[in-house]
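So this one's work35.csv, CSV, C-alpha atoms and all ligand atoms:
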```
chain,number,residue,atom,x,y,z
A,1,MET,CA,176.7,9.3,124.7
A,2,GLY,CA,173.3,10.6,123.6
A,3,LEU,CA,174.6,13.9,122.3
A,4,PHE,CA,176.8,12.4,119.7
A,5,ASP,CA,174.6,9.7,118.4
A,6,LYS,CA,173.5,11.6,115.4
A,7,PHE,CA,177.0,12.6,114.5
A,8,LYS,CA,178.3,9.0,114.9
A,9,LYS,CA,175.6,7.9,112.4
A,10,VAL,CA,176.8,10.5,109.9
A,11,PHE,CA,180.4,9.5,110.1
A,12,SER,CA,179.9,5.8,110.2
A,13,GLY,CA,177.9,6.2,107.0
A,14,GLU,CA,174.6,5.0,108.4
A,15,THR,CA,172.9,8.1,107.3
A,16,LYS,CA,171.7,7.8,103.7
A,17,ASN,CA,172.6,10.6,101.4
A,18,GLU,CA,170.2,9.9,98.6
A,19,THR,CA,166.4,10.1,98.8
A,20,GLU,CA,164.2,7.1,97.9
A,21,PRO,CA,162.3,7.1,94.6
A,22,VAL,CA,158.7,8.2,95.0
A,23,ASP,CA,155.8,5.9,94.6
A,24,GLU,CA,152.7,7.6,93.2
A,25,LEU,CA,150.4,6.2,95.9
A,26,THR,CA,152.5,7.3,98.8
A,27,GLU,CA,153.1,10.8,97.4
A,28,ALA,CA,151.7,12.6,100.4
A,29,VAL,CA,153.8,10.6,102.8
A,30,ALA,CA,156.8,10.9,100.5
A,31,ASP,CA,156.5,14.7,100.5
A,32,GLU,CA,157.0,14.7,104.2
A,33,GLU,CA,159.8,12.2,103.9
A,34,ASP,CA,161.4,14.4,101.3
A,35,THR,CA,161.5,17.3,103.7
A,36,ALA,CA,163.0,15.1,106.4
A,37,ALA,CA,165.5,13.7,103.9
A,38,GLU,CA,166.4,17.2,102.8
A,39,ALA,CA,167.0,18.3,106.4
A,40,GLU,CA,169.0,15.2,107.0
A,41,GLN,CA,171.1,15.9,103.9
A,42,ALA,CA,171.7,19.5,105.0
A,43,PHE,CA,172.8,18.2,108.4
A,44,VAL,CA,175.2,15.8,106.8
A,45,GLU,CA,176.7,18.5,104.5
A,46,THR,CA,177.2,20.9,107.4
A,47,ALA,CA,178.7,18.2,109.6
A,48,LYS,CA,181.2,17.4,106.9
A,49,LYS,CA,182.2,21.1,106.5
A,50,TYR,CA,182.8,21.5,110.2
A,51,ASP,CA,184.7,18.3,110.2
A,52,LYS,CA,187.0,19.5,107.6
A,53,GLY,CA,187.3,23.1,108.9
A,54,LEU,CA,188.2,21.9,112.3
A,55,GLU,CA,190.8,19.4,111.2
A,56,LYS,CA,193.8,21.4,112.4
A,57,SER,CA,192.3,22.2,115.8
A,58,ARG,CA,191.2,18.7,116.3
A,59,LYS,CA,194.6,17.2,115.4
A,60,THR,CA,196.6,19.5,117.6
A,61,PHE,CA,194.2,19.4,120.5
A,62,GLY,CA,193.5,15.7,120.1
A,63,GLN,CA,197.1,15.0,120.1
A,64,ARG,CA,197.7,16.9,123.3
A,65,MET,CA,194.8,15.2,124.9
A,66,ASN,CA,196.0,11.8,123.7
A,67,GLU,CA,199.4,12.5,125.3
A,68,LEU,CA,197.7,13.6,128.5
A,69,PHE,CA,195.6,10.4,128.5
A,70,ALA,CA,198.6,8.2,127.5
A,71,ALA,CA,200.2,9.1,130.7
A,72,PHE,CA,196.9,8.7,132.5
A,73,ARG,CA,197.1,6.6,135.7
A,74,THR,CA,194.8,8.3,138.0
A,75,VAL,CA,192.8,11.5,138.3
A,76,ASP,CA,195.0,13.4,140.7
A,77,ASP,CA,196.0,17.1,141.0
A,78,GLU,CA,198.8,16.6,138.5
A,79,PHE,CA,196.3,15.4,135.9
A,80,PHE,CA,194.1,18.4,136.3
A,81,GLU,CA,197.0,20.8,136.1
A,82,GLU,CA,198.0,19.2,132.8
A,83,LEU,CA,194.4,19.3,131.6
A,84,GLU,CA,194.3,23.1,132.3
A,85,GLU,CA,197.5,23.6,130.4
A,86,THR,CA,196.1,21.7,127.4
A,87,LEU,CA,192.9,23.7,127.4
A,88,ILE,CA,194.8,27.0,127.7
A,89,GLY,CA,197.1,25.9,124.9
A,90,ALA,CA,194.0,25.4,122.6
A,91,ASP,CA,193.0,29.0,123.4
A,92,VAL,CA,190.0,27.9,125.4
A,93,GLY,CA,190.9,30.9,127.6
A,94,PHE,CA,192.4,31.0,131.1
A,95,GLU,CA,189.2,31.6,133.1
A,96,THR,CA,187.3,28.9,131.1
A,97,SER,CA,190.0,26.4,131.4
A,98,ILE,CA,190.2,26.7,135.1
A,99,ARG,CA,186.4,26.5,135.4
A,100,ILE,CA,186.2,23.4,133.3
A,101,SER,CA,188.9,21.8,135.4
A,102,GLU,CA,187.3,22.7,138.7
A,103,GLU,CA,183.8,21.5,137.6
A,104,LEU,CA,185.3,18.4,136.2
A,105,GLN,CA,187.0,17.6,139.5
A,106,LYS,CA,183.6,17.7,141.2
A,107,GLU,CA,182.0,15.7,138.4
A,108,VAL,CA,184.7,13.0,138.5
A,109,LYS,CA,184.2,12.6,142.3
A,110,LEU,CA,180.4,12.6,141.9
A,111,ARG,CA,180.4,9.9,139.2
A,112,ASN,CA,183.3,8.1,140.9
A,113,ALA,CA,184.9,8.0,137.5
A,114,LYS,CA,188.2,6.2,137.5
A,115,LYS,CA,188.5,4.8,134.1
A,116,LYS,CA,190.1,6.7,131.3
A,117,SER,CA,187.0,6.5,129.1
A,118,ASP,CA,184.7,7.8,131.8
A,119,VAL,CA,187.0,10.8,132.4
A,120,GLN,CA,187.3,11.6,128.7
A,121,ASN,CA,183.5,11.5,128.2
A,122,ALA,CA,183.0,13.6,131.3
A,123,ILE,CA,185.3,16.3,129.9
A,124,ILE,CA,183.4,16.6,126.6
A,125,GLU,CA,180.0,16.6,128.3
A,126,LYS,CA,181.3,19.3,130.7
A,127,LEU,CA,182.5,21.4,127.8
A,128,VAL,CA,179.1,21.2,126.0
A,129,ALA,CA,177.3,21.9,129.2
A,130,ILE,CA,179.3,25.0,130.1
A,131,TYR,CA,179.0,26.2,126.5
A,132,GLU,CA,175.2,26.0,126.5
A,133,GLU,CA,174.8,27.4,130.0
A,134,GLU,CA,176.9,30.5,129.1
A,135,GLY,CA,174.9,31.1,125.9
A,136,GLU,CA,171.5,30.9,127.4
A,137,GLY,CA,169.3,33.8,126.1
A,138,GLU,CA,171.8,34.6,123.3
A,139,ASN,CA,170.4,34.6,119.8
A,140,ASN,CA,172.7,32.8,117.5
A,141,ALA,CA,170.8,33.3,114.3
A,142,VAL,CA,171.2,36.3,111.9
A,143,ASN,CA,168.4,38.7,112.5
A,144,LEU,CA,166.6,38.4,109.1
A,145,GLN,CA,163.6,40.6,108.5
A,146,THR,CA,160.4,39.4,106.9
A,147,ASP,CA,158.6,42.7,106.4
A,148,GLY,CA,161.3,44.8,104.8
A,149,PRO,CA,165.0,44.7,103.9
A,150,THR,CA,167.6,43.3,106.2
A,151,ILE,CA,170.6,45.6,106.6
A,152,ILE,CA,173.8,44.3,108.1
A,153,LEU,CA,177.0,46.2,108.8
A,154,PHE,CA,180.3,44.3,108.8
A,155,VAL,CA,183.1,45.7,111.0
A,156,GLY,CA,186.5,44.5,112.0
A,157,VAL,CA,190.2,45.4,111.6
A,158,ASN,CA,192.2,45.0,108.3
A,159,GLY,CA,192.5,41.5,106.8
A,160,VAL,CA,190.2,39.6,109.2
A,161,GLY,CA,187.9,38.5,106.4
A,162,LYS,CA,185.1,41.1,106.2
A,163,THR,CA,184.9,41.3,102.4
A,164,THR,CA,185.2,37.5,102.0
A,165,SER,CA,182.5,36.8,104.6
A,166,ILE,CA,180.2,39.4,102.8
A,167,GLY,CA,180.7,37.6,99.5
A,168,LYS,CA,179.9,34.2,100.9
A,169,LEU,CA,176.8,35.5,102.7
A,170,ALA,CA,175.7,37.3,99.6
A,171,HIS,CA,176.0,34.0,97.7
A,172,ARG,CA,174.0,32.2,100.3
A,173,TYR,CA,171.1,34.6,100.3
A,174,ARG,CA,171.1,34.8,96.6
A,175,MET,CA,170.8,31.1,96.3
A,176,GLN,CA,167.8,31.3,98.7
A,177,GLY,CA,166.2,33.5,96.1
A,178,LYS,CA,166.7,36.8,97.9
A,179,LYS,CA,167.6,40.1,96.1
A,180,VAL,CA,171.0,41.1,97.5
A,181,LEU,CA,172.9,44.4,97.4
A,182,LEU,CA,176.4,45.2,98.6
A,183,ALA,CA,177.7,48.6,99.7
A,184,ALA,CA,181.5,49.3,99.4
A,185,ALA,CA,181.7,51.6,102.4
A,186,ASP,CA,185.3,50.6,103.0
A,187,THR,CA,186.5,53.6,101.0
A,188,PHE,CA,189.8,53.9,102.8
A,189,ARG,CA,191.7,52.2,99.9
A,190,ALA,CA,190.8,51.5,96.3
A,191,GLY,CA,191.8,47.9,96.6
A,192,ALA,CA,189.1,47.3,99.2
A,193,ILE,CA,186.4,48.5,96.9
A,194,ASP,CA,187.7,46.4,94.0
A,195,GLN,CA,187.8,43.3,96.2
A,196,LEU,CA,184.1,43.7,97.1
A,197,VAL,CA,183.3,44.2,93.4
A,198,VAL,CA,185.0,40.9,92.6
A,199,TRP,CA,183.0,39.2,95.3
A,200,GLY,CA,179.9,40.8,94.0
A,201,GLU,CA,180.6,39.3,90.5
A,202,ARG,CA,181.3,35.9,92.0
A,203,ALA,CA,178.0,35.9,94.0
A,204,GLY,CA,176.1,37.5,91.1
A,205,VAL,CA,174.9,40.5,93.1
A,206,GLU,CA,175.2,44.3,92.5
A,207,VAL,CA,177.6,46.6,94.4
A,208,VAL,CA,177.1,50.3,95.2
A,209,ARG,CA,180.5,51.9,95.0
A,210,HIS,CA,182.1,55.4,95.0
A,211,ASN,CA,185.7,56.4,94.5
A,212,ALA,CA,188.4,55.7,97.2
A,213,GLY,CA,188.6,58.3,99.8
A,214,SER,CA,184.9,59.4,99.5
A,215,ASP,CA,182.7,59.6,102.6
A,216,PRO,CA,181.5,56.1,103.5
A,217,ALA,CA,178.2,57.5,104.8
A,218,THR,CA,177.4,58.7,101.2
A,219,VAL,CA,178.0,55.3,99.8
A,220,VAL,CA,175.6,53.9,102.5
A,221,PHE,CA,173.1,56.6,101.7
A,222,ASP,CA,173.0,55.6,98.0
A,223,ALA,CA,172.9,51.9,98.8
A,224,VAL,CA,169.9,52.5,101.2
A,225,ALA,CA,168.1,54.5,98.5
A,226,LYS,CA,168.7,51.8,95.9
A,227,THR,CA,167.5,49.2,98.4
A,228,LYS,CA,164.3,51.0,98.9
A,229,ASN,CA,163.7,52.0,95.2
A,230,GLU,CA,164.5,48.7,93.7
A,231,GLY,CA,163.1,46.4,96.5
A,232,TYR,CA,166.2,44.6,97.7
A,233,ASP,CA,165.8,42.0,100.4
A,234,VAL,CA,169.3,42.2,101.9
A,235,LEU,CA,171.9,45.0,102.1
A,236,LEU,CA,175.4,44.0,103.3
A,237,VAL,CA,177.7,46.9,104.1
A,238,ASP,CA,181.5,46.5,104.0
A,239,THR,CA,183.3,49.0,106.3
A,240,ALA,CA,186.9,50.0,107.1
A,241,GLY,CA,187.9,49.1,110.6
A,242,ARG,CA,190.8,51.2,111.8
A,243,LEU,CA,191.1,50.7,115.5
A,244,GLN,CA,194.1,53.0,115.6
A,245,ASN,CA,191.7,55.9,115.8
A,246,LYS,CA,188.8,54.7,117.9
A,247,VAL,CA,187.1,58.1,118.0
A,248,ASN,CA,187.1,58.5,114.2
A,249,LEU,CA,185.9,54.9,113.7
A,250,MET,CA,183.1,55.4,116.1
A,251,LYS,CA,182.0,58.6,114.5
A,252,GLU,CA,182.2,57.0,111.0
A,253,LEU,CA,180.1,54.0,112.1
A,254,GLU,CA,177.6,56.2,113.9
A,255,LYS,CA,177.1,58.3,110.9
A,256,MET,CA,176.5,55.3,108.7
A,257,LYS,CA,174.0,54.0,111.2
A,258,ARG,CA,172.1,57.3,111.3
A,259,VAL,CA,171.8,57.3,107.5
A,260,ILE,CA,170.4,53.8,107.6
A,261,GLU,CA,168.1,54.4,110.6
A,262,LYS,CA,166.6,57.5,109.0
A,263,GLU,CA,165.2,55.4,106.2
A,264,TYR,CA,164.6,52.2,108.1
A,265,PRO,CA,164.0,52.7,111.8
A,266,GLY,CA,165.3,49.7,113.8
A,267,ALA,CA,168.1,49.1,111.2
A,268,PRO,CA,170.9,48.1,110.9
A,269,HIS,CA,169.5,44.7,112.0
A,270,GLU,CA,173.0,43.4,112.8
A,271,VAL,CA,176.4,44.8,113.3
A,272,LEU,CA,178.6,41.8,112.8
A,273,LEU,CA,182.2,42.0,114.0
A,274,VAL,CA,184.5,39.8,112.0
A,275,VAL,CA,187.5,38.3,113.9
A,276,ASP,CA,190.2,36.1,112.5
A,277,ALA,CA,190.4,32.8,114.5
A,278,THR,CA,194.1,32.3,113.7
A,279,THR,CA,195.0,35.4,115.7
A,280,GLY,CA,193.8,33.6,118.9
A,281,GLN,CA,193.8,35.8,121.9
A,282,ASN,CA,194.3,38.9,119.7
A,283,ALA,CA,190.8,38.3,118.3
A,284,MET,CA,189.5,38.5,121.9
A,285,VAL,CA,191.3,41.8,122.4
A,286,GLN,CA,189.8,43.2,119.2
A,287,ALA,CA,186.3,42.0,120.1
A,288,LYS,CA,186.6,43.7,123.5
A,289,GLN,CA,187.7,47.0,121.9
A,290,PHE,CA,185.0,47.0,119.2
A,291,LYS,CA,182.4,46.2,121.9
A,292,GLU,CA,183.4,49.4,123.6
A,293,THR,CA,183.3,51.4,120.4
A,294,THR,CA,180.1,50.3,118.8
A,295,ASN,CA,177.0,48.2,119.5
A,296,VAL,CA,178.2,44.8,118.1
A,297,THR,CA,175.3,42.3,117.8
A,298,GLY,CA,177.3,39.2,116.9
A,299,LEU,CA,180.5,37.8,115.6
A,300,VAL,CA,181.7,36.2,112.4
A,301,LEU,CA,184.7,34.0,113.3
A,302,SER,CA,186.7,33.6,110.1
A,303,LYS,CA,189.5,31.2,109.1
A,304,LEU,CA,188.6,28.5,111.6
A,305,ASP,CA,190.0,26.1,109.1
A,306,GLY,CA,193.4,27.8,109.3
A,307,THR,CA,193.9,27.5,113.1
A,308,ALA,CA,194.7,24.8,115.6
A,309,LYS,CA,193.1,27.1,118.2
A,310,GLY,CA,189.4,26.5,117.6
A,311,GLY,CA,189.0,26.7,121.4
A,312,ILE,CA,188.8,30.4,120.9
A,313,VAL,CA,185.0,30.0,120.4
A,314,LEU,CA,184.6,28.8,124.0
A,315,ALA,CA,186.6,31.7,125.3
A,316,ILE,CA,184.6,34.2,123.3
A,317,ARG,CA,181.3,32.8,124.6
A,318,ASN,CA,182.4,32.5,128.2
A,319,GLU,CA,184.4,35.7,128.5
A,320,LEU,CA,182.8,38.2,126.1
A,321,HIS,CA,179.2,37.1,125.9
A,322,LEU,CA,178.9,37.9,122.3
A,323,PRO,CA,177.1,35.2,120.1
A,324,VAL,CA,179.2,33.7,117.3
A,325,LYS,CA,176.7,33.8,114.5
A,326,LEU,CA,178.7,32.7,111.5
A,327,VAL,CA,182.0,30.8,111.0
A,328,GLY,CA,184.4,30.8,108.1
A,329,LEU,CA,185.6,27.4,107.3
A,330,GLY,CA,187.6,28.0,104.1
A,331,GLU,CA,188.3,30.5,101.3
A,332,GLY,CA,185.6,29.3,98.9
A,333,ILE,CA,182.2,30.9,98.4
A,334,GLU,CA,180.4,28.0,100.1
A,335,ASP,CA,182.7,28.0,103.2
A,336,LEU,CA,180.5,30.0,105.6
A,337,GLU,CA,178.2,28.3,108.0
A,338,ASP,CA,175.8,29.3,110.7
A,339,PHE,CA,177.5,28.6,114.0
A,340,ASP,CA,176.2,25.4,115.6
A,341,SER,CA,177.6,24.6,119.0
A,342,ASN,CA,177.0,20.9,118.7
A,343,GLN,CA,178.6,20.7,115.2
A,344,PHE,CA,181.4,22.7,116.5
A,345,ILE,CA,182.1,20.8,119.7
A,346,TYR,CA,181.8,17.5,117.9
A,347,GLY,CA,184.2,18.7,115.1
A,348,LEU,CA,186.7,19.7,117.7
A,349,PHE,CA,186.5,16.7,120.1
A,350,LYS,CA,185.2,13.8,118.1
A,351,ASP,CA,188.5,11.9,118.3
A,352,LEU,CA,188.2,11.9,122.0
A,353,VAL,CA,184.7,10.4,122.2
A,354,SER,CA,185.5,7.2,123.8
A,355,GLU,CA,183.7,4.0,122.8
A,356,GLU,CA,185.4,1.9,125.5
A,357,GLU,CA,183.2,0.3,128.1
A,401,LIG,N1,191.3,29.9,105.0
A,401,LIG,C1,190.4,30.9,105.1
A,401,LIG,N2,190.7,32.1,104.6
A,401,LIG,C2,189.9,33.1,104.7
A,401,LIG,C3,188.6,33.0,105.4
A,401,LIG,N3,188.0,34.2,105.3
A,401,LIG,C4,188.8,35.0,104.7
A,401,LIG,N4,190.0,34.4,104.3
A,401,LIG,C5,191.2,35.0,103.7
A,401,LIG,O1,191.6,36.1,104.4
A,401,LIG,C6,192.2,37.1,103.6
A,401,LIG,C7,191.6,38.5,104.0
A,401,LIG,O2,190.2,38.5,103.7
A,401,LIG,P1,189.4,39.8,103.3
A,401,LIG,O3,188.0,39.4,103.2
A,401,LIG,O4,190.0,40.5,102.2
A,401,LIG,O5,189.6,40.6,104.7
A,401,LIG,P2,189.1,42.1,105.0
A,401,LIG,O6,188.7,42.1,106.4
A,401,LIG,O7,188.0,42.5,104.0
A,401,LIG,O8,190.4,42.9,104.8
A,401,LIG,P3,190.6,44.5,104.5
A,401,LIG,O9,189.7,44.8,103.4
A,401,LIG,O10,192.0,44.6,104.1
A,401,LIG,O11,190.3,45.2,105.7
A,401,LIG,C8,191.9,36.7,102.2
A,401,LIG,O12,193.1,36.1,101.6
A,401,LIG,C9,190.8,35.6,102.3
A,401,LIG,O13,190.8,34.6,101.3
A,401,LIG,C10,188.3,31.7,105.9
A,401,LIG,O14,187.2,31.4,106.5
A,401,LIG,N5,189.2,30.7,105.8
A,402,MG,MG,188.0,44.1,102.7
```
Kindly return the structure encoded in the file as structure tokens.
Ligand SMILES: Nc1nc2c(ncn2[C@@H]2O[C@H](COP(=O)(O)OP(=O)(O)OP(=O)(O)O)[C@@H](O)[C@H]2O)c(=O)[nH]1
Ligand SMILES: [Mg+2]
Amino acid sequence: MGLFDKFKKVFSGETKNETEPVDELTEAVADEEDTAAEAEQAFVETAKKYDKGLEKSRKTFGQRMNELFAAFRTVDDEFFEELEETLIGADVGFETSIRISEELQKEVKLRNAKKKSDVQNAIIEKLVAIYEEEGEGENNAVNLQTDGPTIILFVGVNGVGKTTSIGKLAHRYRMQGKKVLLAAADTFRAGAIDQLVVWGERAGVEVVRHNAGSDPATVVFDAVAKTKNEGYDVLLVDTAGRLQNKVNLMKELEKMKRVIEKEYPGAPHEVLLVVDATTGQNAMVQAKQFKETTNVTGLVLSKLDGTAKGGIVLAIRNELHLPVKLVGLGEGIEDLEDFDSNQFIYGLFKDLVSEEE
């Protein structure tokens, strides 16, 4: 399978992790090779993180798929019904599961696939194909600005991982040499502000804060002024997401946006909705509600490492059409990755990639 060749190399240890020592005469060539080696190294590191973060999903899902294939005799109606159940159980989503199953039935006929390994590989290829088809035209990357500061609002209900994701992203940008500022605009409770301050210390970046209960738009106003006056590259804004009162939430978010826009037309450059992958279909419901409330530009899917239902990513893509931009793969400061569909699908299904002839 062409798609997984690179991954196979990584996990079979064929990819070298260290760079070769540089010979003076071949310095120019070596420079190029260094860049390639660095890219390769980054790829390997990311693949390992996804691998670890998707362990639970892979085990549960892989086990179910193995059970399905252990009983495999022929690709009949019963097989496809069981496949649908397995996919739905992994939170791939009802619509998507049925669609995969239907397209697979066609594919299996077309290829005249009868062997177990052929059917297994066809399933994975179909998942990747559907995923990519549905995401066409979506921008997966965080919209970073080059000619001024990048301002990002983080929204989402309590406990989903907003503050943690901000801390991780602040760390990443700071390590890239950017000047990063955080705004504690979740003024609803004192604890929320303190938590952001702790993350600010961990990441080594400054935090603009006011007292609990103060107007979040004022915090944002001060943070925007500081961004401008002191030349920050990135401003990450933590907000309180109380969906119980949609109208208030909307007003609050709109007010913050107006304050930002007044200084920087076109900003905020992203409104990222954080959803907790462990809540499965609930995350889908939240995403739908937030989408109605405010102009969400992308998703941060946190706690993927804590769920066996990583299939939620497929459901979000196919049923919501919001790009997943970042994924949380652990509680540590380094455990945030750009979403990469190949890494993701491989991490989820690699146990199923069949080598049999
Ligand atoms: N395992 C794991 N835990 C995470 C991840 N992201 C966040 N968490 C944990 O989730 C919990 C809640 O995270 P917070 O960042 O405080 O969530 P929040 O959205 O800011 O919550 P409120 O401020 O209460 O609205 C914390 O215990 C985090 O350590 C992740 O990617 N993986
Ligand atoms: Mg918080």
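Computed from the coordinates, the CA of Ala192 in chain A to CA of Pro216 in chain A distance equals 12.4 Å.
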Could you please extract the residues within 7 Å of ligand MG 402 (chain A), counting all atoms listed in the file, and hand them back as a list in words?
Gly159, Gly161, Lys162, Thr163, Ala192, Gln195 and Leu196 of chain A
Counting all atoms listed in the file, name the residues that have an atom within 7 Å of an atom of ligand LIG 401 (chain A); the answer should be given as a PyMOL selection string.
chain A and resi 156-165+192+195+240-241+302-306+327-331+335-336
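Candidate residues A:Ser117, A:Thr293, A:Asn245, A:Gln105 were compared for distance to Ala70 in chain A, and the nearest is A:Ser117, using all atoms listed in the file.
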Within 8 Å of file point (186.8, 33.5, 121.8), counting all atoms listed in the file, expressed as JSON, numbers by chain:
{"A": [91, 92, 93, 280, 281, 283, 284, 311, 312, 313, 314, 315, 316, 317, 318, 319, 320]}
Once you count all atoms listed in the file, what closest atom pair and distance in Å to one decimal does each residue of range 300-356 of chain A within 8 Å of range 125-146 of chain A have, with rows by chain and rising residue number, as CSV?
```
residue,atom,partner,partner_atom,distance
A:Leu314,CA,A:Tyr131,CA,6.7
A:Arg317,CA,A:Glu134,CA,6.7
A:Asn318,CA,A:Glu134,CA,5.9
A:His321,CA,A:Gly135,CA,7.4
A:Leu322,CA,A:Glu138,CA,7.9
A:Pro323,CA,A:Asn140,CA,5.6
A:Val324,CA,A:Asn140,CA,6.6
A:Lys325,CA,A:Asn140,CA,5.1
A:Asp338,CA,A:Ala141,CA,7.3
A:Phe339,CA,A:Asn140,CA,7.3
A:Ser341,CA,A:Tyr131,CA,7.8
A:Asn342,CA,A:Val128,CA,7.6
A:Ile345,CA,A:Val128,CA,7.0
```
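Shortest separation to Phe344 in chain A among A:Thr278, A:Gln120, A:Ser57, A:Gln289 occurs at residue A:Ser57, atoms counted being all atoms listed in the file.
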